[in-house]
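Participant: Before I ask anything, let me first share the structure, which is written out below as structure tokens.
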Amino acid sequence: MSSVVRVWRPGRVVDPHSVIGGLRKGPGDPAYVFDAARRTVWRATRTPEGPVLLRLSPYGEAVEAEAWGPGAEWALDGVPELLGERDSWDGFEPLPEHQVLVEAARRFPHVRVPRSRAVFEAMAAAGIEQVVTGKEAFRAWRLLLREYGEPAPGPTPPDGRQMMVPPAPEEWRLIPSWQWLRAGVENRRSRVVVTAATRAKALERTLELDDSAEIERRLRSLPGVGVWTAAEVRQRAHGDADAFSFADYHVSRNVSYALIGEELDDEGCAELIEPYRGHRFRVQRLLELTGIGHPRFGPRKSLPTHTPGATHRLR
């Protein structure tokens with residue numbers, strides 16, 4: 001299969017994995033492969049024109065983008081946004097008393113918030129990630145894509161992995177309940193994905209909006225979607241630099257601990273990062289890249305072989 005190649009020259013250093021690494025669902029993600037030796041990202045996704053495999057290779061202040069499949073032109077058109085071209089650090093200034101953030105901004109000056117333009121895809125992943133550990137969510141994503149995804153067009157990456165394009169909305173809707181449970185996804189979370197699949201076109205239309213609050217309102221109008229899920233979607237699909245992950249088990253504690261050496265809940269952390277409004281997710285992302293977080297104690301949680309139905313507050 002032939003490919004289409006473009007070179008994007010943004011006039012700044014771009015490391016694709018540093019920008020879009022948050023789209024990867026664990027090291028075994030069938031839709032995302034990172035070739036560390038070449039700093040190259042391979043990403044399989046579904047576009048309005050069809051499936052695509054996208055390879056992003058950095059060369060100093062340029063990125064070579066190569067795409068295979070029906071969605072190649074659409075994907076290449078979106079490479080600048082995917083790599084953060086619409087994002088701006090204007091108005092972001094770390095406070096001197098937040099020395100860790102000052103240092104993070106110095107270390108990672110080229111990190112931007114990506115805009116994938118794949119709203120339903122981001123919603124499906126976030127729905128699966130609700131109220132479970134990352135390890136559990138990554139396992140479920142991997143199993144479901146291997147079973148119901150579509151082999152990506154184009155070649156295999158250097159590690160020889162068969163990459164998979166995430167299922168289309170109508171395909172997510174057809175996954176039987178027992179297969180969700182087999183992947184460790186209980187009914188409450190699977191309903192989030194299935195309901196979102198019925199409204200996939202409306203979800204994609206949120207890309208036309210500039211009002212972050214209205215985008216959040218529309219996302220949260222879906223049953224089972226709360227502040228955390230809406231924020232995850234806005235971070236990944238809309239490029240929202242203010243979409244902080246409130247209602248996450250660790251994020252507020254990690255951020256507050258990194259900034260002031262004290263673990264705060266969502267309310268306390270919200271007050272702490274209020275001076276960064278407009279850039280609160282940027283604060284979260286920069287601190288994540290430093291690897292600094294609150295101390296964790298106790299044994300690791302083991303993965304369940306099945307997940308019974310449960311009721312949790314909206315995330």
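Going by the structure tokens order, chains are called A, B, ..., each with residues numbered from 1, while ligands are numbered from 1 in the order shown.
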Using only C-alpha atoms, find each residue in stretch 106-151 of chain A having at least one atom no more than 6 Å away from stretch 180-201 of chain A; report its shortest atom-to-atom pair and that distance in Å (one decimal), rows by chain then rising number, as CSV.
Facilitator:
residue,atom,partner,partner_atom,distance
A:Phe120,CA,A:Ala200,CA,5.7
A:Ala124,CA,A:Val193,CA,5.1
A:Gly127,CA,A:Val192,CA,5.8
A:Ile128,CA,A:Arg189,CA,5.9
A:Ala140,CA,A:Ala183,CA,4.8
Participant: Per DSSP on the backbone, what are the helix (DSSP H, G or I) residues of stretch 68-183 of chain A, as number ranges by chain?
Facilitator: A: 72-77, 79-82, 99-107, 119-129, 134-148, 169-173, 177-182
Participant: Can you tell me, as an MDAnalysis selection string, what residues are no more than 10 Å from stretch 52-67 of chain A when counting only C-alpha atoms, ignoring any on the same chain fewer than 5 positions away?
Facilitator: chainID A and resid 2:17 31:35 38:47 72:76 79:80 83 151:157 163:165
Participant: In Å, with one decimal, what is the gap from atom CA of A:Glu49 to atom CA of A:Leu143?
Facilitator: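 Calculated distance between atom CA of A:Glu49 and atom CA of A:Leu143 is 25.3 Å.
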Participant: Between atom CA of A:Leu101 and atom CA of A:His238, what is the distance in Å, rounded to a tenth?
Facilitator: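 Straight-line distance from atom CA of A:Leu101 to atom CA of A:His238 works out to 23.9 Å.
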Participant: Mind listing the strand (DSSP E) residues of stretch 67-300 of chain A, per DSSP on the backbone, as a list in words?
Facilitator: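 Listing strand (DSSP E) positions across stretch 67-300 of chain A yields Ala67, Trp68, Glu150, Pro151, Met164 and Val165 of chain A.
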Participant: Near A:Trp228, within 9 Å and counting only C-alpha atoms, which residues show up once chain neighbours fewer than 4 positions away are dropped, as a VMD selection string?
Facilitator: chain A and resid 126 130 232 to 233 243 to 248 314 to 315
Participant: Pick out the residues sitting within 7 Å of A:Gly239, and hand them over as a list in words; count only C-alpha atoms, and ignore anything fewer than 5 positions along from it in its own chain.
Facilitator: Asp87, Val113, Pro114, Arg115 and Arg234 of chain A
Participant: Please produce a file of those selected residues containing C-alpha atoms, as a short mmCIF file (atom, residue, chain, number, x, y, z; two decimals), in the first residue's frame.
Facilitator:
data_model
loop_
_atom_site.label_atom_id
_atom_site.label_comp_id
_atom_site.auth_asym_id
_atom_site.auth_seq_id
_atom_site.Cartn_x
_atom_site.Cartn_y
_atom_site.Cartn_z
CA ASP A 87 -1.79 25.37 21.96
CA VAL A 113 -1.35 19.99 24.55
CA PRO A 114 -2.40 17.81 21.59
CA ARG A 115 -5.69 18.06 19.69
CA ARG A 234 -11.03 17.62 26.33
#
Participant: Between atom CA of A:Glu216 and atom CA of A:Arg280, what is the spacing in Å?
Facilitator: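 Computed distance, atom CA of A:Arg280 to atom CA of A:Glu216, equals 15.2 Å.
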